[in-house]
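The file start34.cif comes next; it holds mmCIF, C-alpha atoms.
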```
data_protein
loop_
_atom_site.label_atom_id
_atom_site.label_comp_id
_atom_site.auth_asym_id
_atom_site.auth_seq_id
_atom_site.Cartn_x
_atom_site.Cartn_y
_atom_site.Cartn_z
CA MET A 1 -10.75 81.74 24.30
CA ALA A 2 -12.23 78.70 26.03
CA GLU A 3 -15.25 79.10 28.29
CA TYR A 4 -15.69 77.03 31.44
CA LEU A 5 -19.35 76.19 32.04
CA LYS A 6 -18.38 74.11 35.10
CA ARG A 7 -15.19 73.91 37.16
CA GLY A 8 -13.94 71.26 39.55
CA ALA A 9 -12.15 71.51 42.90
CA THR A 10 -9.41 74.08 43.32
CA ALA A 11 -5.73 73.19 43.34
CA GLU A 12 -5.55 74.33 46.97
CA ALA A 13 -8.27 71.91 48.04
CA LYS A 14 -6.56 69.05 46.23
CA ALA A 15 -3.20 69.91 47.86
CA ASP A 16 -4.75 69.92 51.34
CA SER A 17 -6.23 66.49 50.76
CA ASP A 18 -2.89 65.22 49.46
CA ARG A 19 -1.10 66.42 52.62
CA LYS A 20 -3.45 64.50 54.89
CA VAL A 21 -3.01 61.31 52.87
CA ARG A 22 0.78 61.75 52.83
CA ASP A 23 1.01 62.03 56.61
CA THR A 24 -1.21 58.99 57.19
CA VAL A 25 0.75 56.81 54.80
CA GLU A 26 4.12 57.81 56.21
CA GLY A 27 3.13 56.66 59.70
CA ILE A 28 1.69 53.37 58.50
CA LEU A 29 4.73 52.45 56.40
CA ALA A 30 7.01 53.19 59.35
CA ASP A 31 4.90 50.83 61.48
CA ILE A 32 5.12 48.04 58.87
CA ALA A 33 8.89 48.51 58.62
CA ALA A 34 9.21 48.25 62.40
CA ARG A 35 6.72 45.49 63.25
CA GLY A 36 6.28 43.51 60.04
CA ASP A 37 3.52 40.91 60.08
CA ALA A 38 2.07 42.17 63.36
CA ALA A 39 1.53 45.62 61.86
CA VAL A 40 0.09 44.17 58.65
CA ARG A 41 -2.37 42.04 60.60
CA GLY A 42 -3.46 44.94 62.78
CA LEU A 43 -4.02 47.16 59.74
CA SER A 44 -5.98 44.46 57.95
CA ILE A 45 -8.26 44.07 60.97
CA LYS A 46 -8.64 47.84 61.36
CA PHE A 47 -9.33 48.79 57.75
CA ASP A 48 -10.82 45.63 56.23
CA GLY A 49 -12.16 43.73 59.24
CA TRP A 50 -10.11 40.80 57.96
CA ASP A 51 -8.14 38.57 60.33
CA ARG A 52 -6.21 35.43 59.40
CA ASP A 53 -3.14 33.63 60.63
CA ASP A 54 -1.78 33.60 57.08
CA TYR A 55 -2.99 36.05 54.44
CA ARG A 56 -1.58 34.02 51.56
CA LEU A 57 -4.28 31.87 49.96
CA SER A 58 -3.69 28.14 49.78
CA PRO A 59 -4.09 26.12 46.55
CA ASP A 60 -7.37 24.73 47.92
CA GLU A 61 -8.71 28.21 48.62
CA ILE A 62 -7.73 29.35 45.12
CA GLN A 63 -9.47 26.36 43.56
CA GLY A 64 -12.49 27.03 45.75
CA CYS A 65 -12.75 30.53 44.26
CA LEU A 66 -12.48 29.15 40.72
CA ASP A 67 -15.23 26.65 41.51
CA GLN A 68 -17.60 29.47 42.52
CA LEU A 69 -17.59 30.95 39.02
CA THR A 70 -19.75 29.72 36.16
CA GLY A 71 -18.35 28.30 32.97
CA GLN A 72 -19.30 31.51 31.18
CA ASP A 73 -17.53 33.59 33.82
CA LEU A 74 -14.34 31.64 33.26
CA LYS A 75 -14.64 31.89 29.47
CA ASP A 76 -15.12 35.65 29.70
CA ILE A 77 -12.05 36.04 31.91
CA GLU A 78 -10.09 33.82 29.54
CA PHE A 79 -11.16 35.94 26.55
CA ALA A 80 -10.06 39.17 28.22
CA GLN A 81 -6.76 37.64 29.29
CA THR A 82 -6.11 36.37 25.78
CA GLN A 83 -6.47 39.90 24.43
CA VAL A 84 -4.19 41.40 27.08
CA ARG A 85 -1.59 38.65 26.65
CA GLY A 86 -1.65 38.94 22.87
CA PHE A 87 -0.99 42.67 22.84
CA ALA A 88 1.66 42.33 25.55
CA GLN A 89 3.44 39.70 23.44
CA ILE A 90 3.38 42.05 20.45
CA GLN A 91 4.89 44.79 22.60
CA ARG A 92 7.59 42.44 23.91
CA ALA A 93 8.49 41.37 20.39
CA SER A 94 9.06 45.01 19.47
CA MET A 95 11.86 45.23 22.04
CA THR A 96 14.96 43.52 20.71
CA ASP A 97 18.39 42.98 22.16
CA VAL A 98 21.11 44.64 20.09
CA GLU A 99 24.83 44.13 19.51
CA VAL A 100 26.86 46.12 17.02
CA GLU A 101 30.52 46.77 16.20
CA THR A 102 30.63 50.57 16.30
CA LEU A 103 34.35 50.81 15.54
CA PRO A 104 36.82 48.13 14.49
CA GLY A 105 37.27 45.99 17.60
CA VAL A 106 34.63 47.85 19.69
CA VAL A 107 31.37 45.97 20.31
CA LEU A 108 28.40 47.57 22.13
CA GLY A 109 25.08 46.05 23.00
CA HIS A 110 22.09 45.99 25.30
CA LYS A 111 19.84 43.34 26.76
CA HIS A 112 16.29 43.66 28.10
CA LEU A 113 16.31 41.92 31.48
CA PRO A 114 13.14 41.39 33.53
CA VAL A 115 13.05 42.29 37.20
CA ASN A 116 13.23 39.22 39.41
CA ALA A 117 10.09 39.82 41.49
CA ALA A 118 7.06 42.05 40.99
CA GLY A 119 4.24 42.88 43.38
CA CYS A 120 0.86 43.47 41.69
CA TYR A 121 -1.84 45.30 43.61
CA VAL A 122 -5.41 44.56 42.52
CA PRO A 123 -7.94 47.00 44.01
CA GLY A 124 -11.17 45.43 45.16
CA GLY A 125 -12.58 47.09 48.25
CA LYS A 126 -15.59 48.76 46.62
CA TYR A 127 -15.74 46.72 43.42
CA PRO A 128 -13.99 43.40 42.66
CA LEU A 129 -11.79 44.83 39.90
CA LEU A 130 -10.53 41.59 38.45
CA ALA A 131 -9.35 43.30 35.25
CA SER A 132 -6.38 44.73 37.14
CA ALA A 133 -5.10 41.19 37.59
CA HIS A 134 -4.94 40.72 33.82
CA MET A 135 -3.17 44.01 33.30
CA SER A 136 -0.42 43.49 35.84
CA VAL A 137 0.17 39.75 36.24
CA ILE A 138 -0.03 38.82 32.56
CA THR A 139 2.15 41.75 31.51
CA ALA A 140 4.79 40.82 34.08
CA LYS A 141 4.78 37.20 33.01
CA VAL A 142 5.09 38.08 29.32
CA ALA A 143 8.08 40.24 30.29
CA GLY A 144 9.64 37.18 31.94
CA VAL A 145 9.31 38.07 35.64
CA ALA A 146 10.05 34.90 37.60
CA ARG A 147 8.10 35.69 40.80
CA VAL A 148 4.82 37.58 40.62
CA VAL A 149 3.07 38.33 43.91
CA THR A 150 -0.51 39.61 43.96
CA CYS A 151 -2.48 41.31 46.70
CA ALA A 152 -6.16 42.19 46.68
CA PRO A 153 -8.37 43.18 49.62
CA PRO A 154 -11.25 41.06 50.84
CA PHE A 155 -14.63 41.80 49.29
CA ALA A 156 -17.72 41.40 51.45
CA GLY A 157 -15.61 39.75 54.16
CA LYS A 158 -13.82 37.13 52.08
CA PRO A 159 -11.50 36.77 49.10
CA ALA A 160 -13.30 37.94 45.95
CA PRO A 161 -13.75 34.78 43.85
CA ALA A 162 -13.50 36.59 40.50
CA ILE A 163 -10.30 38.41 41.47
CA VAL A 164 -8.68 35.24 42.80
CA ALA A 165 -9.66 33.36 39.66
CA ALA A 166 -8.22 36.08 37.44
CA GLN A 167 -4.99 36.16 39.45
CA ALA A 168 -4.61 32.40 39.21
CA MET A 169 -5.51 32.20 35.52
CA ALA A 170 -3.06 35.02 34.76
CA GLY A 171 -0.22 33.02 36.31
CA ALA A 172 0.42 34.65 39.70
CA ASP A 173 2.94 32.75 41.81
CA GLU A 174 1.61 33.98 45.17
CA ILE A 175 -1.92 35.20 45.87
CA TRP A 176 -2.51 37.15 49.08
CA CYS A 177 -5.78 38.54 50.42
CA LEU A 178 -4.51 41.89 51.67
CA GLY A 179 -5.55 45.41 50.79
CA GLY A 180 -4.49 49.00 51.07
CA ILE A 181 -1.25 50.40 52.44
CA GLN A 182 -0.59 47.19 54.35
CA ALA A 183 -0.51 45.22 51.09
CA VAL A 184 1.88 47.44 49.15
CA GLY A 185 3.96 48.03 52.28
CA ALA A 186 4.35 44.30 52.92
CA MET A 187 5.26 43.58 49.31
CA ALA A 188 7.86 46.34 49.15
CA LEU A 189 9.36 46.10 52.63
CA GLY A 190 8.93 42.38 53.19
CA THR A 191 7.89 40.66 56.41
CA ALA A 192 8.66 37.35 58.05
CA SER A 193 5.96 35.70 55.95
CA MET A 194 6.39 37.59 52.67
CA ALA A 195 9.67 38.06 50.82
CA PRO A 196 10.04 41.57 49.37
CA VAL A 197 9.63 42.33 45.68
CA ASP A 198 11.70 44.52 43.39
CA MET A 199 8.84 46.44 41.82
CA LEU A 200 5.27 47.48 42.65
CA VAL A 201 2.58 47.92 40.01
CA GLY A 202 -1.16 48.38 39.83
CA PRO A 203 -3.80 51.02 40.52
CA GLY A 204 -5.40 51.80 43.86
CA ASN A 205 -6.99 54.51 45.95
CA ALA A 206 -5.22 57.67 47.08
CA PHE A 207 -3.58 55.87 50.02
CA VAL A 208 -2.22 53.07 47.84
CA ALA A 209 -0.91 55.59 45.31
CA GLU A 210 0.81 57.60 48.02
CA ALA A 211 2.32 54.47 49.55
CA LYS A 212 3.82 53.59 46.17
CA ARG A 213 5.18 57.12 45.86
CA GLN A 214 6.85 56.95 49.27
CA LEU A 215 8.27 53.48 48.56
CA PHE A 216 9.73 54.50 45.21
CA GLY A 217 13.49 54.16 45.36
CA ARG A 218 13.35 51.25 47.76
CA VAL A 219 11.49 49.48 44.98
CA GLY A 220 10.60 50.41 41.45
CA ILE A 221 7.04 51.38 40.59
CA ASP A 222 5.07 51.47 37.37
CA LEU A 223 3.93 55.08 37.69
CA PHE A 224 2.44 57.62 40.06
CA ALA A 225 -1.30 57.04 39.92
CA GLY A 226 -4.18 58.84 41.56
CA PRO A 227 -7.96 58.79 41.12
CA THR A 228 -9.32 57.72 37.74
CA GLU A 229 -9.53 60.58 35.24
CA THR A 230 -11.52 60.82 32.04
CA LEU A 231 -11.64 63.51 29.37
CA VAL A 232 -14.28 63.38 26.65
CA ILE A 233 -13.44 65.45 23.57
CA ALA A 234 -16.55 65.79 21.45
CA ASP A 235 -18.42 67.81 18.87
CA GLU A 236 -21.97 67.68 17.53
CA VAL A 237 -20.94 65.52 14.56
CA GLY A 238 -19.21 62.72 16.47
CA CYS A 239 -21.28 62.66 19.64
CA ASP A 240 -24.53 63.54 21.38
CA GLY A 241 -25.37 64.45 24.95
CA GLU A 242 -26.48 60.99 26.03
CA LEU A 243 -23.30 59.36 24.75
CA ALA A 244 -21.03 61.97 26.34
CA ALA A 245 -22.89 61.84 29.66
CA THR A 246 -22.79 58.05 29.74
CA ASP A 247 -19.06 57.95 29.14
CA LEU A 248 -18.33 60.65 31.72
CA LEU A 249 -20.39 59.01 34.46
CA GLY A 250 -19.09 55.58 33.51
CA GLN A 251 -15.69 56.63 34.83
CA ALA A 252 -16.89 58.99 37.59
CA GLU A 253 -18.32 55.95 39.40
CA HIS A 254 -14.75 54.87 40.23
CA GLY A 255 -14.72 57.19 43.22
CA PRO A 256 -15.93 60.53 44.61
CA ASP A 257 -12.61 62.16 43.67
CA SER A 258 -12.51 61.01 40.03
CA PRO A 259 -12.32 63.96 37.59
CA ALA A 260 -14.61 63.78 34.55
CA VAL A 261 -14.20 66.53 31.96
CA LEU A 262 -16.10 67.39 28.79
CA LEU A 263 -14.16 69.42 26.22
CA THR A 264 -16.14 70.49 23.18
CA THR A 265 -16.50 73.12 20.47
CA SER A 266 -20.29 73.03 20.78
CA ARG A 267 -22.02 74.95 23.55
CA ALA A 268 -25.28 73.20 22.61
CA LEU A 269 -23.64 69.78 23.12
CA ALA A 270 -22.16 70.94 26.42
CA GLU A 271 -25.55 72.03 27.75
CA GLU A 272 -27.25 68.89 26.45
CA THR A 273 -24.60 66.74 28.14
CA MET A 274 -25.09 68.46 31.50
CA ARG A 275 -28.84 67.86 31.26
CA GLU A 276 -28.26 64.22 30.37
CA ILE A 277 -25.89 63.81 33.32
CA GLU A 278 -28.59 65.00 35.70
CA ARG A 279 -31.08 62.60 34.13
CA LEU A 280 -28.74 59.62 34.27
CA LEU A 281 -27.86 60.35 37.88
CA THR A 282 -31.47 59.61 38.77
CA ILE A 283 -31.23 56.05 37.41
CA LEU A 284 -27.55 55.01 37.59
CA PRO A 285 -27.06 52.38 40.35
CA THR A 286 -23.70 53.94 41.27
CA ALA A 287 -25.10 57.49 41.20
CA ASP A 288 -24.16 58.23 44.81
CA VAL A 289 -20.46 58.03 44.03
CA ALA A 290 -20.70 59.38 40.49
CA ARG A 291 -22.68 62.44 41.59
CA ARG A 292 -20.10 63.43 44.19
CA ALA A 293 -17.33 63.03 41.63
CA TRP A 294 -19.23 65.09 39.06
CA GLU A 295 -20.24 67.83 41.47
CA ASN A 296 -16.78 68.22 43.00
CA PHE A 297 -14.44 67.37 40.14
CA GLY A 298 -16.47 67.54 36.93
CA GLU A 299 -15.72 70.22 34.35
CA VAL A 300 -17.29 71.40 31.10
CA ILE A 301 -15.14 73.44 28.72
CA VAL A 302 -16.23 75.02 25.43
CA ALA A 303 -13.31 75.71 23.09
CA GLN A 304 -13.19 77.69 19.85
CA ASP A 305 -11.86 74.98 17.54
CA ASP A 306 -10.06 71.64 17.38
CA ALA A 307 -6.64 73.25 17.74
CA GLU A 308 -7.67 74.86 21.02
CA MET A 309 -9.10 71.56 22.22
CA VAL A 310 -5.72 69.92 21.56
CA ARG A 311 -3.95 72.65 23.54
CA ILE A 312 -6.32 72.35 26.50
CA ALA A 313 -6.28 68.55 26.40
CA ASP A 314 -2.47 68.52 26.51
CA GLU A 315 -2.57 70.86 29.51
CA ILE A 316 -5.02 68.55 31.31
CA ALA A 317 -2.92 65.48 30.38
CA SER A 318 -5.75 63.14 31.33
CA GLU A 319 -5.44 59.45 32.06
CA HIS A 320 -8.21 58.50 29.60
CA VAL A 321 -9.06 60.63 26.58
CA GLN A 322 -12.11 59.68 24.58
CA VAL A 323 -12.38 61.45 21.22
CA MET A 324 -15.79 61.57 19.54
CA THR A 325 -15.48 64.26 16.89
CA ARG A 326 -15.87 64.58 13.14
CA ASP A 327 -12.13 63.81 12.77
CA PRO A 328 -10.72 61.74 15.66
CA GLU A 329 -7.47 61.14 13.74
CA TYR A 330 -6.64 64.84 14.08
CA PHE A 331 -6.22 64.32 17.82
CA LEU A 332 -4.15 61.16 17.36
CA GLN A 333 -1.78 63.14 15.14
CA HIS A 334 -1.57 66.27 17.29
CA MET A 335 -2.03 65.35 20.96
CA THR A 336 1.07 64.57 23.03
CA ASN A 337 -0.09 64.22 26.66
CA TYR A 338 -2.48 61.38 27.50
CA GLY A 339 -2.53 57.98 29.14
CA ALA A 340 -4.60 56.28 26.45
CA LEU A 341 -6.68 57.50 23.52
CA PHE A 342 -10.05 56.05 22.56
CA LEU A 343 -10.87 57.16 19.04
CA GLY A 344 -14.42 57.38 17.73
CA SER A 345 -17.79 56.63 19.23
CA ARG A 346 -17.51 52.87 18.62
CA THR A 347 -14.93 52.47 21.38
CA ASN A 348 -14.83 53.76 24.93
CA VAL A 349 -12.77 53.70 28.12
CA SER A 350 -14.62 50.69 29.50
CA PHE A 351 -13.40 48.57 26.57
CA GLY A 352 -9.83 49.51 27.49
CA ASP A 353 -10.46 48.99 31.19
CA LYS A 354 -11.83 45.49 30.84
CA VAL A 355 -11.22 43.57 27.67
CA ILE A 356 -9.84 45.07 24.46
CA GLY A 357 -6.20 44.28 25.22
CA THR A 358 -4.41 47.55 25.96
CA ASN A 359 -3.32 48.09 29.54
CA HIS A 360 -5.60 50.05 31.85
CA THR A 361 -2.96 51.05 34.41
CA LEU A 362 -2.33 54.59 33.22
CA PRO A 363 -0.76 57.88 34.41
CA THR A 364 -2.86 60.41 36.32
CA LYS A 365 -2.29 63.83 37.90
CA LYS A 366 -0.58 65.13 34.76
CA ALA A 367 2.02 62.33 34.78
CA ALA A 368 1.08 61.72 31.14
CA ARG A 369 3.40 64.64 30.37
CA TYR A 370 6.39 62.34 30.95
CA THR A 371 5.28 58.70 31.00
CA GLY A 372 2.91 56.27 29.38
CA GLY A 373 1.03 53.52 31.15
CA LEU A 374 1.97 50.06 32.35
CA TRP A 375 3.33 47.80 29.61
CA VAL A 376 5.84 45.00 29.16
CA GLY A 377 8.71 47.47 29.04
CA LYS A 378 8.04 48.65 32.60
CA PHE A 379 9.13 45.25 33.90
CA LEU A 380 12.32 45.23 31.81
CA LYS A 381 15.68 46.81 32.55
CA THR A 382 17.55 47.82 29.43
CA CYS A 383 21.13 47.05 30.43
CA THR A 384 24.14 47.83 28.26
CA TYR A 385 27.41 45.97 27.84
CA GLN A 386 30.60 46.57 25.90
CA ARG A 387 33.45 44.44 24.58
CA VAL A 388 36.80 45.49 23.08
CA THR A 389 38.19 42.70 20.92
CA SER A 390 41.60 43.95 19.76
CA ASP A 391 44.73 45.52 21.24
CA ALA A 392 44.62 48.30 18.68
CA ALA A 393 41.04 49.25 19.58
CA SER A 394 41.81 49.30 23.31
CA ALA A 395 44.83 51.53 22.81
CA MET A 396 42.98 53.89 20.44
CA ILE A 397 39.99 54.33 22.75
CA GLY A 398 42.42 54.64 25.67
CA GLU A 399 44.19 57.63 24.13
CA TYR A 400 40.92 59.52 23.71
CA CYS A 401 39.79 58.56 27.20
CA SER A 402 43.09 59.69 28.75
CA ARG A 403 42.83 63.17 27.30
CA LEU A 404 39.16 63.55 28.23
CA CYS A 405 39.89 62.46 31.82
CA ALA A 406 42.56 65.16 32.01
CA LEU A 407 39.97 67.77 31.08
CA GLU A 408 37.94 66.66 34.11
CA GLY A 409 40.91 66.28 36.46
CA PHE A 410 40.17 62.60 37.12
CA ALA A 411 43.64 61.10 37.53
CA GLY A 412 42.47 57.62 38.50
CA HIS A 413 40.12 57.43 35.55
CA GLY A 414 42.94 58.59 33.31
CA GLU A 415 45.27 55.88 34.57
CA GLN A 416 42.66 53.24 33.76
CA ALA A 417 43.04 54.40 30.17
CA ASN A 418 46.82 54.89 30.28
CA ILE A 419 47.62 51.41 31.52
CA ARG A 420 45.83 49.96 28.51
CA VAL A 421 47.65 52.30 26.16
CA ARG A 422 50.91 51.01 27.67
CA ARG A 423 49.93 47.33 27.58
CA PHE A 424 48.07 47.13 24.31
CA GLY A 425 49.53 50.05 22.36
CA GLY A 426 53.18 49.76 23.27
CA ARG A 427 53.37 53.42 24.35
CA ASN A 428 55.92 54.10 27.12
CA ILE A 429 53.98 56.70 29.06
CA PRO A 430 54.63 57.40 32.76
CA TYR A 431 52.29 56.48 35.60
CA ALA A 432 50.85 59.91 36.17
CA GLY A 433 47.16 59.45 35.56
CA ALA A 434 45.28 62.38 34.11
CA ALA A 435 48.05 64.78 35.15
CA GLN A 436 49.95 63.74 32.00
CA PRO A 437 47.48 62.43 29.45
CA VAL A 438 48.47 60.60 26.35
CA SER A 439 49.43 63.19 23.76
#
```

Transcribe the structure of this file into structure tokens.
Amino acid sequence: MAEYLKRGATAEAKADSDRKVRDTVEGILADIAARGDAAVRGLSIKFDGWDRDDYRLSPDEIQGCLDQLTGQDLKDIEFAQTQVRGFAQIQRASMTDVEVETLPGVVLGHKHLPVNAAGCYVPGGKYPLLASAHMSVITAKVAGVARVVTCAPPFAGKPAPAIVAAQAMAGADEIWCLGGIQAVGAMALGTASMAPVDMLVGPGNAFVAEAKRQLFGRVGIDLFAGPTETLVIADEVGCDGELAATDLLGQAEHGPDSPAVLLTTSRALAEETMREIERLLTILPTADVARRAWENFGEVIVAQDDAEMVRIADEIASEHVQVMTRDPEYFLQHMTNYGALFLGSRTNVSFGDKVIGTNHTLPTKKAARYTGGLWVGKFLKTCTYQRVTSDAASAMIGEYCSRLCALEGFAGHGEQANIRVRRFGGRNIPYAGAAQPVS
């Protein structure tokens, strides 16, 4: 049986925090729906200290942000975007339209149709997270989305040059300097200055995530996302304490509510990792945030064997799962619940977050039990169509349909079938709908 050397916050404490966020977001979205741009401006001033007549950046402002970056900065962004675009294109190529004649004269098919407009949120209040622009804008464009709107909050009192550059280089059609609930609310609900979108994507803090949850249905969303989560699965062969501690704290710095969990079969490695975490917290520049995350949400679990680690990991269903064991492939073959896997000590979550090419917008709060992360397919609607090409096929299908409608008592549905049996099959059956099905 697994032993917990450290536990995080209780489920009750997390639920209480969620309730407070839910109530705040509900009121703010109602205000945006009622007052539009005026509400958005007031919220931007209140939460970001950012006041403008128009929050959409002009072409000159966008170019000004690009001009602030060095040539190396731009090359690095271009490299990362090339990797993201390349993998997205491979994913898109795997999704093909189909058309097949399933019976003589009966043709069925489907098409993958992109949504018309997507809103991409790029978080940037604490850190200018330009990588989120690659992940959302490029993926939407590869999917074929015609209008891609991006919003990112101001950083240090102005648009973050690196974020704006990444948004522009990724191909965004509209770039807005707006953050938080007011950004996702404006994109989803629309205002006098911003036309609404059909879908919202991108990570964000707890308030952004809750706003997306409440807006779901009015618009589509990529997934329900909460604070960044990381799970390190390790043993003494594939990992050491310094490596495990570095990778746990590397994600804990996202925010004070970011869970970081070590799952191992080695008690010695677990204890070494906890010592290394305390050492690194004395020198890590982001230690203030990472320490609060570790103290309140960090966990250390010692399991009996790899099979038990798989079981526990699937229960946790973490956003990021880093596997540094003697046999990482075992976890690839047996795990079922995760946002993304990082196999072996040569890779890590930061590679996935920033540059390697897979998408970093991933499910949290156990959503990995039923969904994967953001990818090209999230922007596509798989829509079916059907075609009947012969009288005989229409009449034959109609006879089956008529009898099945009678079983359900749907007379109108039945008559839709019967009229085609009469017209295309030459059967003289009365107009009685499903009450008298074709026999």

Just give me the residues with any atom within 10 Å of (-11.4, 44.2, 55.5), file coordinates, counting only C-alpha atoms, written as a compact mmCIF listing (two decimals) with C-alpha atoms, in the frame of the given file.
```txt
# COMPACT_ATOMS: atom_id res chain seq x y z
CA LEU A 43 -4.02 47.16 59.74
CA SER A 44 -5.98 44.46 57.95
CA ILE A 45 -8.26 44.07 60.97
CA LYS A 46 -8.64 47.84 61.36
CA PHE A 47 -9.33 48.79 57.75
CA ASP A 48 -10.82 45.63 56.23
CA GLY A 49 -12.16 43.73 59.24
CA TRP A 50 -10.11 40.80 57.96
CA ASP A 51 -8.14 38.57 60.33
CA GLY A 125 -12.58 47.09 48.25
CA PRO A 153 -8.37 43.18 49.62
CA PRO A 154 -11.25 41.06 50.84
CA PHE A 155 -14.63 41.80 49.29
CA ALA A 156 -17.72 41.40 51.45
CA GLY A 157 -15.61 39.75 54.16
CA LYS A 158 -13.82 37.13 52.08
CA PRO A 159 -11.50 36.77 49.10
CA CYS A 177 -5.78 38.54 50.42
CA LEU A 178 -4.51 41.89 51.67
CA GLY A 179 -5.55 45.41 50.79
CA GLY A 180 -4.49 49.00 51.07
```

Determine the residue set returned by the PyMOL selection byres ((chain A and resi 23-40) around 7) for the present structure, and present it as a count of residues only.
-> 16

Reference answer for the PyMOL selection byres ((chain A and resi 315) around 12), as an mmCIF file with C-alpha atoms, keeping the file's coordinate frame:
```cif
data_model
loop_
_atom_site.group_PDB
_atom_site.id
_atom_site.type_symbol
_atom_site.label_atom_id
_atom_site.label_comp_id
_atom_site.auth_asym_id
_atom_site.auth_seq_id
_atom_site.Cartn_x
_atom_site.Cartn_y
_atom_site.Cartn_z
ATOM 1 C CA LEU A 231 -11.640 63.510 29.370
ATOM 2 C CA GLU A 308 -7.670 74.860 21.020
ATOM 3 C CA MET A 309 -9.100 71.560 22.220
ATOM 4 C CA VAL A 310 -5.720 69.920 21.560
ATOM 5 C CA ARG A 311 -3.950 72.650 23.540
ATOM 6 C CA ILE A 312 -6.320 72.350 26.500
ATOM 7 C CA ALA A 313 -6.280 68.550 26.400
ATOM 8 C CA ASP A 314 -2.470 68.520 26.510
ATOM 9 C CA ILE A 316 -5.020 68.550 31.310
ATOM 10 C CA ALA A 317 -2.920 65.480 30.380
ATOM 11 C CA SER A 318 -5.750 63.140 31.330
ATOM 12 C CA MET A 335 -2.030 65.350 20.960
ATOM 13 C CA THR A 336 1.070 64.570 23.030
ATOM 14 C CA ASN A 337 -0.090 64.220 26.660
ATOM 15 C CA TYR A 338 -2.480 61.380 27.500
ATOM 16 C CA LYS A 365 -2.290 63.830 37.900
ATOM 17 C CA LYS A 366 -0.580 65.130 34.760
ATOM 18 C CA ALA A 367 2.020 62.330 34.780
ATOM 19 C CA ALA A 368 1.080 61.720 31.140
ATOM 20 C CA ARG A 369 3.400 64.640 30.370
#
```

CA of Val145 in chain A to CA of Val197 in chain A: how many Å, to one decimal?
->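 CA of Val197 in chain A lies at a distance of 10.9 Å from CA of Val145 in chain A.
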
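Here CA of Pro203 in chain A is placed at a distance of 8.3 Å from CA of Leu362 in chain A.
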
May I ask you to restore N, CA and C atoms in range 66-79 of chain A and write the result as a compact mmCIF listing (two decimals), keeping the file's coordinate frame?
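Okay, this is what ended up in selection.txt:
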```txt
# COMPACT_ATOMS: atom_id res chain seq x y z
N LEU A 66 -12.21 29.51 42.12
CA LEU A 66 -12.48 29.15 40.72
C LEU A 66 -13.79 28.37 40.61
N ASP A 67 -14.04 27.49 41.55
CA ASP A 67 -15.23 26.65 41.51
C ASP A 67 -16.52 27.45 41.72
N GLN A 68 -16.41 28.65 42.29
CA GLN A 68 -17.60 29.47 42.52
C GLN A 68 -18.07 30.19 41.26
N LEU A 69 -17.22 30.24 40.24
CA LEU A 69 -17.59 30.95 39.02
C LEU A 69 -18.24 29.99 38.02
N THR A 70 -19.10 30.53 37.19
CA THR A 70 -19.75 29.72 36.16
C THR A 70 -18.79 29.48 35.00
N GLY A 71 -19.15 28.54 34.16
CA GLY A 71 -18.35 28.30 32.97
C GLY A 71 -18.24 29.53 32.09
N GLN A 72 -19.33 30.30 31.98
CA GLN A 72 -19.30 31.51 31.18
C GLN A 72 -18.39 32.56 31.80
N ASP A 73 -18.44 32.66 33.14
CA ASP A 73 -17.53 33.59 33.82
C ASP A 73 -16.08 33.29 33.45
N LEU A 74 -15.71 32.03 33.53
CA LEU A 74 -14.34 31.64 33.26
C LEU A 74 -13.97 31.87 31.80
N LYS A 75 -14.90 31.63 30.89
CA LYS A 75 -14.64 31.89 29.47
C LYS A 75 -14.45 33.38 29.22
N ASP A 76 -15.24 34.21 29.88
CA ASP A 76 -15.12 35.65 29.70
C ASP A 76 -13.78 36.16 30.22
N ILE A 77 -13.36 35.66 31.38
CA ILE A 77 -12.05 36.04 31.91
C ILE A 77 -10.95 35.59 30.96
N GLU A 78 -11.09 34.35 30.46
CA GLU A 78 -10.09 33.82 29.54
C GLU A 78 -10.01 34.66 28.27
N PHE A 79 -11.16 35.10 27.76
CA PHE A 79 -11.16 35.94 26.55
C PHE A 79 -10.41 37.24 26.80
```
